[in-house]
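The next block is final-v8.pdb, given as PDB, C-alpha atoms and all ligand atoms.
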```
ATOM      1  CA  MET A   1     -34.212  21.802 144.681
ATOM      2  CA  LEU A   2     -30.616  22.175 143.612
ATOM      3  CA  SER A   3     -28.172  22.807 146.370
ATOM      4  CA  GLY A   4     -24.757  23.317 144.829
ATOM      5  CA  ALA A   5     -22.204  21.273 142.953
ATOM      6  CA  GLU A   6     -21.170  19.280 146.034
ATOM      7  CA  GLU A   7     -24.639  17.751 146.501
ATOM      8  CA  ALA A   8     -25.435  14.397 144.905
ATOM      9  CA  ASN A   9     -28.326  13.891 142.547
ATOM     10  CA  THR A  10     -28.501  17.149 140.658
ATOM     11  CA  ARG A  11     -29.947  16.111 137.355
ATOM     12  CA  ILE A  12     -30.848  18.558 134.612
ATOM     13  CA  ALA A  13     -32.992  17.160 131.799
ATOM     14  CA  ILE A  14     -32.903  18.962 128.448
ATOM     15  CA  ASP A  15     -35.333  17.683 125.828
ATOM     16  CA  GLY A  16     -36.383  19.036 122.457
ATOM     17  CA  PRO A  17     -36.513  18.311 118.741
ATOM     18  CA  ALA A  18     -33.523  17.493 116.522
ATOM     19  CA  GLY A  19     -31.118  20.375 116.040
ATOM     20  CA  SER A  20     -32.582  22.626 118.728
ATOM     21  CA  GLY A  21     -29.125  23.068 120.242
ATOM     22  CA  LYS A  22     -29.592  20.704 123.203
ATOM     23  CA  THR A  23     -26.132  19.209 122.899
ATOM     24  CA  THR A  24     -24.140  22.420 122.504
ATOM     25  CA  THR A  25     -26.168  24.211 125.160
ATOM     26  CA  GLY A  26     -26.189  21.260 127.545
ATOM     27  CA  LYS A  27     -22.424  20.778 127.282
ATOM     28  CA  LEU A  28     -21.695  24.430 128.035
ATOM     29  CA  VAL A  29     -24.108  24.471 130.972
ATOM     30  CA  ALA A  30     -22.568  21.252 132.340
ATOM     31  CA  THR A  31     -19.087  22.771 132.052
ATOM     32  CA  GLN A  32     -20.146  25.902 133.962
ATOM     33  CA  PHE A  33     -21.437  23.837 136.889
ATOM     34  CA  GLY A  34     -18.777  21.109 136.699
ATOM     35  CA  PHE A  35     -21.441  18.495 135.918
ATOM     36  CA  ARG A  36     -21.207  15.496 133.630
ATOM     37  CA  PHE A  37     -22.848  15.737 130.241
ATOM     38  CA  PHE A  38     -24.582  12.894 128.432
ATOM     39  CA  ASP A  39     -26.320  13.050 125.043
ATOM     40  CA  THR A  40     -28.754  10.106 124.907
ATOM     41  CA  GLY A  41     -29.241  10.541 121.134
ATOM     42  CA  ILE A  42     -25.890   8.854 120.592
ATOM     43  CA  MET A  43     -27.269   5.668 122.146
ATOM     44  CA  TYR A  44     -30.045   5.381 119.551
ATOM     45  CA  ARG A  45     -27.555   6.360 116.864
ATOM     46  CA  ALA A  46     -25.123   3.675 118.049
ATOM     47  CA  ALA A  47     -27.910   1.055 118.024
ATOM     48  CA  THR A  48     -28.726   2.106 114.450
ATOM     49  CA  ARG A  49     -25.068   1.930 113.423
ATOM     50  CA  MET A  50     -24.843  -1.519 114.995
ATOM     51  CA  ALA A  51     -27.889  -2.745 113.051
ATOM     52  CA  LEU A  52     -26.589  -1.251 109.784
ATOM     53  CA  LEU A  53     -23.115  -2.784 110.253
ATOM     54  CA  GLN A  54     -24.642  -6.206 110.762
ATOM     55  CA  GLY A  55     -27.184  -5.861 107.951
ATOM     56  CA  PHE A  56     -30.191  -6.153 110.272
ATOM     57  CA  ALA A  57     -33.543  -4.726 109.195
ATOM     58  CA  LEU A  58     -34.085  -1.587 111.271
ATOM     59  CA  THR A  59     -37.496  -2.902 112.286
ATOM     60  CA  ASP A  60     -36.157  -6.280 113.455
ATOM     61  CA  GLU A  61     -36.496  -5.537 117.142
ATOM     62  CA  ALA A  62     -35.720  -9.033 118.463
ATOM     63  CA  THR A  63     -32.413  -9.243 116.594
ATOM     64  CA  ILE A  64     -31.343  -5.712 117.531
ATOM     65  CA  VAL A  65     -32.280  -6.298 121.182
ATOM     66  CA  HIS A  66     -30.363  -9.581 121.213
ATOM     67  CA  SER A  67     -27.277  -7.858 119.856
ATOM     68  CA  ILE A  68     -27.498  -5.085 122.490
ATOM     69  CA  GLU A  69     -27.992  -7.648 125.271
ATOM     70  CA  ASP A  70     -24.996  -9.505 123.882
ATOM     71  CA  GLY A  71     -22.835  -6.474 124.666
ATOM     72  CA  GLY A  72     -22.927  -4.905 121.195
ATOM     73  CA  LEU A  73     -23.057  -1.387 122.636
ATOM     74  CA  GLU A  74     -20.887   0.234 125.257
ATOM     75  CA  PHE A  75     -20.677   3.877 126.357
ATOM     76  CA  VAL A  76     -17.622   5.095 128.198
ATOM     77  CA  PHE A  77     -16.692   8.506 129.636
ATOM     78  CA  ASP A  78     -13.104   9.324 128.627
ATOM     79  CA  ASP A  79     -10.680  11.319 130.799
ATOM     80  CA  ALA A  80     -11.961  14.596 129.310
ATOM     81  CA  GLY A  81     -15.532  13.682 130.295
ATOM     82  CA  ASP A  82     -16.598  13.021 126.680
ATOM     83  CA  VAL A  83     -18.583   9.893 125.913
ATOM     84  CA  LYS A  84     -17.210   7.328 123.490
ATOM     85  CA  ALA A  85     -19.644   4.935 121.814
ATOM     86  CA  PHE A  86     -18.302   1.448 121.186
ATOM     87  CA  VAL A  87     -20.269  -0.573 118.651
ATOM     88  CA  LEU A  88     -19.336  -4.257 118.419
ATOM     89  CA  GLY A  89     -16.159  -3.407 120.328
ATOM     90  CA  VAL A  90     -15.041  -0.600 117.985
ATOM     91  CA  ASP A  91     -15.101   3.145 118.759
ATOM     92  CA  GLU A  92     -17.753   4.407 116.312
ATOM     93  CA  THR A  93     -18.307   7.811 117.927
ATOM     94  CA  ASP A  94     -17.312   9.658 114.768
ATOM     95  CA  SER A  95     -19.685   7.742 112.462
ATOM     96  CA  LEU A  96     -22.859   8.375 114.434
ATOM     97  CA  ARG A  97     -23.901  11.522 112.534
ATOM     98  CA  SER A  98     -23.639  10.081 109.026
ATOM     99  CA  PRO A  99     -26.663  10.477 106.703
ATOM    100  CA  GLU A 100     -27.239   6.669 106.844
ATOM    101  CA  VAL A 101     -27.578   6.773 110.618
ATOM    102  CA  ASP A 102     -29.672   9.981 110.407
ATOM    103  CA  HIS A 103     -32.116   8.241 108.095
ATOM    104  CA  GLY A 104     -32.406   5.061 110.135
ATOM    105  CA  VAL A 105     -32.398   6.317 113.685
ATOM    106  CA  SER A 106     -36.084   7.228 114.001
ATOM    107  CA  ALA A 107     -37.055   3.652 113.108
ATOM    108  CA  VAL A 108     -34.698   2.148 115.690
ATOM    109  CA  SER A 109     -35.633   4.652 118.392
ATOM    110  CA  ALA A 110     -39.311   3.774 117.937
ATOM    111  CA  LEU A 111     -38.712   0.129 118.995
ATOM    112  CA  PRO A 112     -40.200  -0.214 122.506
ATOM    113  CA  VAL A 113     -37.852  -2.884 123.862
ATOM    114  CA  VAL A 114     -34.808  -1.063 122.508
ATOM    115  CA  ARG A 115     -36.086   2.012 124.366
ATOM    116  CA  GLN A 116     -36.528   0.025 127.582
ATOM    117  CA  LEU A 117     -32.889  -1.111 127.427
ATOM    118  CA  MET A 118     -31.688   2.414 126.663
ATOM    119  CA  VAL A 119     -33.742   4.011 129.423
ATOM    120  CA  GLN A 120     -32.289   1.541 131.934
ATOM    121  CA  MET A 121     -28.737   2.291 130.741
ATOM    122  CA  GLN A 122     -29.469   6.031 130.934
ATOM    123  CA  ARG A 123     -30.748   5.776 134.524
ATOM    124  CA  ASP A 124     -27.631   3.775 135.438
ATOM    125  CA  ILE A 125     -25.424   6.440 133.838
ATOM    126  CA  ALA A 126     -27.246   9.276 135.646
ATOM    127  CA  GLY A 127     -27.106   7.332 138.921
ATOM    128  CA  ASP A 128     -26.406   9.805 141.674
ATOM    129  CA  ALA A 129     -24.165  11.942 139.456
ATOM    130  CA  GLN A 130     -24.362  15.654 138.862
ATOM    131  CA  ILE A 131     -25.422  15.486 135.269
ATOM    132  CA  VAL A 132     -26.958  17.309 132.345
ATOM    133  CA  MET A 133     -28.722  14.667 130.249
ATOM    134  CA  VAL A 134     -30.217  15.569 126.878
ATOM    135  CA  GLY A 135     -32.664  13.740 124.621
ATOM    136  CA  ARG A 136     -36.376  13.509 123.868
ATOM    137  CA  ASP A 137     -37.832  11.746 126.910
ATOM    138  CA  ILE A 138     -35.445  12.601 129.720
ATOM    139  CA  GLY A 139     -37.902  14.775 131.637
ATOM    140  CA  THR A 140     -40.916  12.608 130.839
ATOM    141  CA  VAL A 141     -39.569   9.050 131.184
ATOM    142  CA  VAL A 142     -35.884   8.645 132.025
ATOM    143  CA  LEU A 143     -35.571  11.076 134.939
ATOM    144  CA  PRO A 144     -39.131  12.160 135.768
ATOM    145  CA  ASP A 145     -37.892  13.506 139.117
ATOM    146  CA  ALA A 146     -35.010  15.547 137.649
ATOM    147  CA  GLU A 147     -34.368  18.716 139.626
ATOM    148  CA  LEU A 148     -34.719  20.907 136.508
ATOM    149  CA  LYS A 149     -36.365  20.150 133.167
ATOM    150  CA  ILE A 150     -35.829  22.318 130.105
ATOM    151  CA  TYR A 151     -37.646  21.937 126.787
ATOM    152  CA  LEU A 152     -35.506  23.593 124.101
ATOM    153  CA  THR A 153     -37.097  24.577 120.803
ATOM    154  CA  ALA A 154     -36.266  26.457 117.584
ATOM    155  CA  SER A 155     -37.773  26.775 114.111
ATOM    156  CA  ALA A 156     -37.114  23.893 111.666
ATOM    157  CA  GLU A 157     -35.016  26.208 109.461
ATOM    158  CA  LYS A 158     -32.799  27.291 112.331
ATOM    159  CA  ARG A 159     -32.383  23.688 113.463
ATOM    160  CA  ALA A 160     -31.535  22.466 109.943
ATOM    161  CA  ARG A 161     -29.047  25.324 109.523
ATOM    162  CA  ARG A 162     -27.316  24.281 112.731
ATOM    163  CA  ARG A 163     -27.079  20.612 111.694
ATOM    164  CA  PHE A 164     -25.940  21.644 108.213
ATOM    165  CA  GLU A 165     -23.052  23.716 109.625
ATOM    166  CA  GLN A 166     -22.119  20.986 112.124
ATOM    167  CA  ASN A 167     -22.049  18.355 109.381
ATOM    168  CA  ARG A 168     -20.102  20.593 107.017
ATOM    169  CA  SER A 169     -17.418  21.172 109.618
ATOM    170  CA  SER A 170     -17.195  17.381 110.076
ATOM    171  CA  GLY A 171     -16.807  16.920 106.299
ATOM    172  CA  ILE A 172     -20.355  15.599 105.722
ATOM    173  CA  GLN A 173     -21.915  17.270 102.644
ATOM    174  CA  GLN A 174     -25.701  17.461 102.465
ATOM    175  CA  ASN A 175     -28.297  19.465 100.565
ATOM    176  CA  PHE A 176     -29.832  22.092 102.867
ATOM    177  CA  ASP A 177     -33.429  21.746 101.578
ATOM    178  CA  GLU A 178     -33.193  17.975 101.996
ATOM    179  CA  MET A 179     -32.007  18.522 105.560
ATOM    180  CA  VAL A 180     -35.027  20.724 106.334
ATOM    181  CA  SER A 181     -37.438  18.120 105.001
ATOM    182  CA  ASP A 182     -35.565  15.243 106.715
ATOM    183  CA  LEU A 183     -35.705  17.128 109.983
ATOM    184  CA  LYS A 184     -39.422  17.828 109.681
ATOM    185  CA  ALA A 185     -40.037  14.156 108.847
ATOM    186  CA  ARG A 186     -38.018  13.152 111.911
ATOM    187  CA  ASP A 187     -40.006  15.587 114.090
ATOM    188  CA  VAL A 188     -43.223  13.878 112.991
ATOM    189  CA  LEU A 189     -41.821  10.389 113.636
ATOM    190  CA  ASP A 190     -40.352  11.390 117.012
ATOM    191  CA  SER A 191     -43.502  13.096 118.251
ATOM    192  CA  GLU A 192     -46.022  10.618 116.884
ATOM    193  CA  ARG A 193     -44.392   7.325 117.861
ATOM    194  CA  GLU A 194     -46.289   5.297 120.435
ATOM    195  CA  THR A 195     -43.495   4.740 122.928
ATOM    196  CA  SER A 196     -42.191   7.861 124.695
ATOM    197  CA  PRO A 197     -43.078  10.403 122.017
ATOM    198  CA  LEU A 198     -41.284  13.728 122.041
ATOM    199  CA  ARG A 199     -43.282  16.128 124.201
ATOM    200  CA  PRO A 200     -42.500  18.607 126.952
ATOM    201  CA  ALA A 201     -42.852  17.291 130.500
ATOM    202  CA  ASP A 202     -45.702  19.029 132.332
ATOM    203  CA  ASP A 203     -43.242  20.572 134.757
ATOM    204  CA  SER A 204     -40.640  21.577 132.140
ATOM    205  CA  ILE A 205     -39.635  25.140 131.322
ATOM    206  CA  SER A 206     -39.673  26.012 127.606
ATOM    207  CA  VAL A 207     -36.739  27.901 126.156
ATOM    208  CA  THR A 208     -36.582  28.935 122.501
ATOM    209  CA  SER A 209     -33.303  29.622 120.746
ATOM    210  CA  ASP A 210     -34.982  31.563 117.914
ATOM    211  CA  GLY A 211     -33.546  35.049 117.618
ATOM    212  CA  LYS A 212     -30.918  34.339 120.292
ATOM    213  CA  SER A 213     -27.193  33.664 120.161
ATOM    214  CA  LEU A 214     -25.815  30.481 121.700
ATOM    215  CA  GLU A 215     -24.399  32.547 124.572
ATOM    216  CA  GLU A 216     -27.845  34.014 125.287
ATOM    217  CA  VAL A 217     -29.474  30.570 125.360
ATOM    218  CA  VAL A 218     -26.755  29.162 127.614
ATOM    219  CA  ASP A 219     -27.075  32.143 129.913
ATOM    220  CA  GLU A 220     -30.856  31.693 130.108
ATOM    221  CA  VAL A 221     -30.443  28.034 131.105
ATOM    222  CA  VAL A 222     -27.671  28.879 133.588
ATOM    223  CA  GLN A 223     -30.005  31.413 135.226
ATOM    224  CA  LEU A 224     -32.718  28.744 135.446
ATOM    225  CA  VAL A 225     -30.278  26.370 137.132
ATOM    226  CA  LYS A 226     -29.293  29.062 139.625
ATOM    227  CA  ALA A 227     -32.952  29.990 140.223
ATOM    228  CA  ALA A 228     -33.683  26.365 141.032
ATOM    229  CA  GLU A 229     -30.968  26.329 143.729
TER     230      GLU A 229
HETATM  231  O1  LIG A 301     -30.697  14.105 119.283
HETATM  232  P1  LIG A 301     -30.341  13.193 118.096
HETATM  233  O2  LIG A 301     -30.700  13.793 116.761
HETATM  234  O3  LIG A 301     -28.921  12.728 118.128
HETATM  235  O4  LIG A 301     -31.267  11.890 118.279
HETATM  236  C1  LIG A 301     -31.213  10.849 117.363
HETATM  237  C2  LIG A 301     -32.546  10.126 117.341
HETATM  238  O5  LIG A 301     -32.744   9.410 118.560
HETATM  239  C3  LIG A 301     -33.773  10.988 117.116
HETATM  240  O6  LIG A 301     -34.486  10.526 115.984
HETATM  241  C4  LIG A 301     -34.629  10.815 118.331
HETATM  242  C5  LIG A 301     -34.035   9.649 119.072
HETATM  243  N1  LIG A 301     -33.929   9.884 120.497
HETATM  244  C6  LIG A 301     -34.953   9.419 121.273
HETATM  245  O7  LIG A 301     -35.931   8.882 120.753
HETATM  246  N2  LIG A 301     -34.872   9.546 122.617
HETATM  247  C7  LIG A 301     -33.817  10.148 123.189
HETATM  248  N3  LIG A 301     -33.776  10.256 124.522
HETATM  249  C8  LIG A 301     -32.775  10.657 122.392
HETATM  250  C9  LIG A 301     -32.862  10.523 121.041
END
```

Could you rewrite the structure in this file as structure tokens?
Amino acid sequence: MLSGAEEANTRIAIDGPAGSGKTTTGKLVATQFGFRFFDTGIMYRAATRMALLQGFALTDEATIVHSIEDGGLEFVFDDAGDVKAFVLGVDETDSLRSPEVDHGVSAVSALPVVRQLMVQMQRDIAGDAQIVMVGRDIGTVVLPDAELKIYLTASAEKRARRRFEQNRSSGIQQNFDEMVSDLKARDVLDSERETSPLRPADDSISVTSDGKSLEEVVDEVVQLVKAAE
């Protein structure tokens, strides 16, 4: 049970497929409750960026793991509460949504030992903080005892449209139809991989953003948080 912002250990897990609005929704919900916000997707993206920068094969688990254990990745909350991703000592936060990283990230996030390292880092980050953590396996694996678990969904077209607009406003040009097919391919990879596949936790509450504005989705999640108090 949640018992107010002053209590320790209020963790809200939001999982769902790519582009379902987890990040935007999660951030706004976290702001309303004064909680921290952490998007675990950036960790797998940063690991992919690290492998690409060093020319590693994205399936070369031992080399990627070695580089992570060597301190190749670091995630730091800045004063505004935003997370900065340092890859090989350089702030790479702004390069994590490039098409190259988009294409490679499913391969890297399917590597079981990489996942083990990430899950441990994610549990350390959540610690006893008040936090909204978003990803694919937060409710099922990372924080199975989270106080509230949301599974956020939307149609592939709506999700691709959202990513398309986000990328366009960051100056990344992509073909919309390609984005829809990339996203569907990523859904298959994410939900069919052996380690921690994307699936709703048994005790999660499903929320769809189809046919709803962002404000309506945020409000629905805020009500769920309050109902859990
Ligand atoms: O949410 P996103 O698109 O930034 O996630 C990038 C990739 O990382 C995506 O292919 C799924 C993977 N991921 C994961 O496997 N587990 C998480 N907790 C978060 C992301």

Can you turn the PyMOL selection byres (((chain A and resi 12) around 6) and not hetatm) into a concrete residue list for this file, as an MDAnalysis selection string?
chainID A and resid 11 13 132 146 148:149

Using all atoms listed in the file, what are the residues with an atom within 7 Å of ligand LIG 301 (chain A), set out as a ChimeraX atom specification?
/A:18-19,40-42,44-45,105-106,109-110,134-138,186,190

Please write as JSON, numbers by chain the full residue list that the PyMOL selection byres (((chain A and resi 172-174) around 12) and not hetatm) yields on this file.
{"A": [94, 95, 96, 97, 98, 99, 100, 102, 160, 161, 163, 164, 165, 166, 167, 168, 169, 170, 171, 175, 176, 177, 178, 179, 180, 182]}

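Summary of the local environment: counting all atoms listed in the file, residues at most 10 Å from Arg115 (chain A), other than itself and those fewer than 4 positions away along its chain, are Met43, Tyr44, Val65, Val108, Ser109, Ala110, Leu111, Val119, Gln120, Met121, Thr195 and Ser196 of chain A.
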
Can you turn the PyMOL selection byres (((chain A and resi 92) around 12) and not hetatm) into a concrete residue list for this file, as JSON, numbers by chain?
{"A": [42, 43, 45, 46, 47, 48, 49, 50, 53, 72, 73, 74, 75, 76, 83, 84, 85, 86, 87, 88, 89, 90, 91, 93, 94, 95, 96, 97, 98, 101]}

Mind writing the picked residues with C-alpha atoms as a PDB file, keeping the file's coordinate frame?
```
ATOM      1  CA  ILE A  42     -25.890   8.854 120.592  1.00  0.00           C
ATOM      2  CA  MET A  43     -27.269   5.668 122.146  1.00  0.00           C
ATOM      3  CA  ARG A  45     -27.555   6.360 116.864  1.00  0.00           C
ATOM      4  CA  ALA A  46     -25.123   3.675 118.049  1.00  0.00           C
ATOM      5  CA  ALA A  47     -27.910   1.055 118.024  1.00  0.00           C
ATOM      6  CA  THR A  48     -28.726   2.106 114.450  1.00  0.00           C
ATOM      7  CA  ARG A  49     -25.068   1.930 113.423  1.00  0.00           C
ATOM      8  CA  MET A  50     -24.843  -1.519 114.995  1.00  0.00           C
ATOM      9  CA  LEU A  53     -23.115  -2.784 110.253  1.00  0.00           C
ATOM     10  CA  GLY A  72     -22.927  -4.905 121.195  1.00  0.00           C
ATOM     11  CA  LEU A  73     -23.057  -1.387 122.636  1.00  0.00           C
ATOM     12  CA  GLU A  74     -20.887   0.234 125.257  1.00  0.00           C
ATOM     13  CA  PHE A  75     -20.677   3.877 126.357  1.00  0.00           C
ATOM     14  CA  VAL A  76     -17.622   5.095 128.198  1.00  0.00           C
ATOM     15  CA  VAL A  83     -18.583   9.893 125.913  1.00  0.00           C
ATOM     16  CA  LYS A  84     -17.210   7.328 123.490  1.00  0.00           C
ATOM     17  CA  ALA A  85     -19.644   4.935 121.814  1.00  0.00           C
ATOM     18  CA  PHE A  86     -18.302   1.448 121.186  1.00  0.00           C
ATOM     19  CA  VAL A  87     -20.269  -0.573 118.651  1.00  0.00           C
ATOM     20  CA  LEU A  88     -19.336  -4.257 118.419  1.00  0.00           C
ATOM     21  CA  GLY A  89     -16.159  -3.407 120.328  1.00  0.00           C
ATOM     22  CA  VAL A  90     -15.041  -0.600 117.985  1.00  0.00           C
ATOM     23  CA  ASP A  91     -15.101   3.145 118.759  1.00  0.00           C
ATOM     24  CA  THR A  93     -18.307   7.811 117.927  1.00  0.00           C
ATOM     25  CA  ASP A  94     -17.312   9.658 114.768  1.00  0.00           C
ATOM     26  CA  SER A  95     -19.685   7.742 112.462  1.00  0.00           C
ATOM     27  CA  LEU A  96     -22.859   8.375 114.434  1.00  0.00           C
ATOM     28  CA  ARG A  97     -23.901  11.522 112.534  1.00  0.00           C
ATOM     29  CA  SER A  98     -23.639  10.081 109.026  1.00  0.00           C
ATOM     30  CA  VAL A 101     -27.578   6.773 110.618  1.00  0.00           C
TER      31      VAL A 101
END
```

Hey, could you patch up region 156-186 of chain A with N, CA and C atoms and hand it over as a PDB file, keeping the file's coordinate frame?
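What landed in selection33.pdb:
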```pdb
ATOM      1  N   ALA A 156     -37.741  24.971 112.449  1.00  0.00           N
ATOM      2  CA  ALA A 156     -37.114  23.893 111.666  1.00  0.00           C
ATOM      3  C   ALA A 156     -35.950  24.439 110.846  1.00  0.00           C
ATOM      4  N   GLU A 157     -36.089  25.642 110.291  1.00  0.00           N
ATOM      5  CA  GLU A 157     -35.016  26.208 109.461  1.00  0.00           C
ATOM      6  C   GLU A 157     -33.759  26.464 110.304  1.00  0.00           C
ATOM      7  N   LYS A 158     -33.960  27.004 111.478  1.00  0.00           N
ATOM      8  CA  LYS A 158     -32.799  27.291 112.331  1.00  0.00           C
ATOM      9  C   LYS A 158     -32.124  25.971 112.747  1.00  0.00           C
ATOM     10  N   ARG A 159     -32.947  24.972 113.030  1.00  0.00           N
ATOM     11  CA  ARG A 159     -32.383  23.688 113.463  1.00  0.00           C
ATOM     12  C   ARG A 159     -31.626  23.010 112.319  1.00  0.00           C
ATOM     13  N   ALA A 160     -32.203  23.071 111.103  1.00  0.00           N
ATOM     14  CA  ALA A 160     -31.535  22.466 109.943  1.00  0.00           C
ATOM     15  C   ALA A 160     -30.235  23.208 109.644  1.00  0.00           C
ATOM     16  N   ARG A 161     -30.261  24.519 109.770  1.00  0.00           N
ATOM     17  CA  ARG A 161     -29.047  25.324 109.523  1.00  0.00           C
ATOM     18  C   ARG A 161     -27.932  24.893 110.481  1.00  0.00           C
ATOM     19  N   ARG A 162     -28.319  24.677 111.739  1.00  0.00           N
ATOM     20  CA  ARG A 162     -27.316  24.281 112.731  1.00  0.00           C
ATOM     21  C   ARG A 162     -26.706  22.924 112.387  1.00  0.00           C
ATOM     22  N   ARG A 163     -27.579  21.948 112.061  1.00  0.00           N
ATOM     23  CA  ARG A 163     -27.079  20.612 111.694  1.00  0.00           C
ATOM     24  C   ARG A 163     -26.218  20.666 110.432  1.00  0.00           C
ATOM     25  N   PHE A 164     -26.647  21.504 109.474  1.00  0.00           N
ATOM     26  CA  PHE A 164     -25.940  21.644 108.213  1.00  0.00           C
ATOM     27  C   PHE A 164     -24.505  22.128 108.478  1.00  0.00           C
ATOM     28  N   GLU A 165     -24.388  23.167 109.318  1.00  0.00           N
ATOM     29  CA  GLU A 165     -23.052  23.716 109.625  1.00  0.00           C
ATOM     30  C   GLU A 165     -22.211  22.693 110.393  1.00  0.00           C
ATOM     31  N   GLN A 166     -22.861  21.998 111.348  1.00  0.00           N
ATOM     32  CA  GLN A 166     -22.119  20.986 112.124  1.00  0.00           C
ATOM     33  C   GLN A 166     -21.582  19.912 111.185  1.00  0.00           C
ATOM     34  N   ASN A 167     -22.455  19.414 110.297  1.00  0.00           N
ATOM     35  CA  ASN A 167     -22.049  18.355 109.381  1.00  0.00           C
ATOM     36  C   ASN A 167     -20.956  18.837 108.447  1.00  0.00           C
ATOM     37  N   ARG A 168     -21.104  20.083 107.951  1.00  0.00           N
ATOM     38  CA  ARG A 168     -20.102  20.593 107.017  1.00  0.00           C
ATOM     39  C   ARG A 168     -18.741  20.670 107.690  1.00  0.00           C
ATOM     40  N   SER A 169     -18.727  21.091 108.962  1.00  0.00           N
ATOM     41  CA  SER A 169     -17.418  21.172 109.618  1.00  0.00           C
ATOM     42  C   SER A 169     -16.862  19.790 109.932  1.00  0.00           C
ATOM     43  N   SER A 170     -17.721  18.752 109.901  1.00  0.00           N
ATOM     44  CA  SER A 170     -17.195  17.381 110.076  1.00  0.00           C
ATOM     45  C   SER A 170     -16.968  16.718 108.720  1.00  0.00           C
ATOM     46  N   GLY A 171     -17.083  17.483 107.631  1.00  0.00           N
ATOM     47  CA  GLY A 171     -16.807  16.920 106.299  1.00  0.00           C
ATOM     48  C   GLY A 171     -17.978  16.168 105.695  1.00  0.00           C
ATOM     49  N   ILE A 172     -19.182  16.288 106.287  1.00  0.00           N
ATOM     50  CA  ILE A 172     -20.355  15.599 105.722  1.00  0.00           C
ATOM     51  C   ILE A 172     -21.126  16.609 104.875  1.00  0.00           C
ATOM     52  N   GLN A 173     -21.225  16.344 103.548  1.00  0.00           N
ATOM     53  CA  GLN A 173     -21.915  17.270 102.644  1.00  0.00           C
ATOM     54  C   GLN A 173     -23.373  16.843 102.498  1.00  0.00           C
ATOM     55  N   GLN A 174     -24.287  17.775 102.654  1.00  0.00           N
ATOM     56  CA  GLN A 174     -25.701  17.461 102.465  1.00  0.00           C
ATOM     57  C   GLN A 174     -26.419  18.662 101.879  1.00  0.00           C
ATOM     58  N   ASN A 175     -27.497  18.392 101.135  1.00  0.00           N
ATOM     59  CA  ASN A 175     -28.297  19.465 100.565  1.00  0.00           C
ATOM     60  C   ASN A 175     -29.159  20.092 101.672  1.00  0.00           C
ATOM     61  N   PHE A 176     -29.148  21.427 101.757  1.00  0.00           N
ATOM     62  CA  PHE A 176     -29.832  22.092 102.867  1.00  0.00           C
ATOM     63  C   PHE A 176     -31.345  21.833 102.849  1.00  0.00           C
ATOM     64  N   ASP A 177     -31.969  21.941 101.646  1.00  0.00           N
ATOM     65  CA  ASP A 177     -33.429  21.746 101.578  1.00  0.00           C
ATOM     66  C   ASP A 177     -33.809  20.321 101.985  1.00  0.00           C
ATOM     67  N   GLU A 178     -32.939  19.369 101.584  1.00  0.00           N
ATOM     68  CA  GLU A 178     -33.193  17.975 101.996  1.00  0.00           C
ATOM     69  C   GLU A 178     -33.103  17.860 103.516  1.00  0.00           C
ATOM     70  N   MET A 179     -32.158  18.586 104.092  1.00  0.00           N
ATOM     71  CA  MET A 179     -32.007  18.522 105.560  1.00  0.00           C
ATOM     72  C   MET A 179     -33.252  19.065 106.250  1.00  0.00           C
ATOM     73  N   VAL A 180     -33.821  20.163 105.713  1.00  0.00           N
ATOM     74  CA  VAL A 180     -35.027  20.724 106.334  1.00  0.00           C
ATOM     75  C   VAL A 180     -36.149  19.691 106.267  1.00  0.00           C
ATOM     76  N   SER A 181     -36.312  19.058 105.084  1.00  0.00           N
ATOM     77  CA  SER A 181     -37.438  18.120 105.001  1.00  0.00           C
ATOM     78  C   SER A 181     -37.173  16.851 105.811  1.00  0.00           C
ATOM     79  N   ASP A 182     -35.903  16.404 105.868  1.00  0.00           N
ATOM     80  CA  ASP A 182     -35.565  15.243 106.715  1.00  0.00           C
ATOM     81  C   ASP A 182     -35.883  15.543 108.178  1.00  0.00           C
ATOM     82  N   LEU A 183     -35.519  16.741 108.586  1.00  0.00           N
ATOM     83  CA  LEU A 183     -35.705  17.128 109.983  1.00  0.00           C
ATOM     84  C   LEU A 183     -37.191  17.201 110.350  1.00  0.00           C
ATOM     85  N   LYS A 184     -37.979  17.749 109.414  1.00  0.00           N
ATOM     86  CA  LYS A 184     -39.422  17.828 109.681  1.00  0.00           C
ATOM     87  C   LYS A 184     -40.026  16.420 109.740  1.00  0.00           C
ATOM     88  N   ALA A 185     -39.528  15.536 108.841  1.00  0.00           N
ATOM     89  CA  ALA A 185     -40.037  14.156 108.847  1.00  0.00           C
ATOM     90  C   ALA A 185     -39.685  13.481 110.173  1.00  0.00           C
ATOM     91  N   ARG A 186     -38.459  13.758 110.655  1.00  0.00           N
ATOM     92  CA  ARG A 186     -38.018  13.152 111.911  1.00  0.00           C
ATOM     93  C   ARG A 186     -38.832  13.705 113.090  1.00  0.00           C
TER      94      ARG A 186
END
```
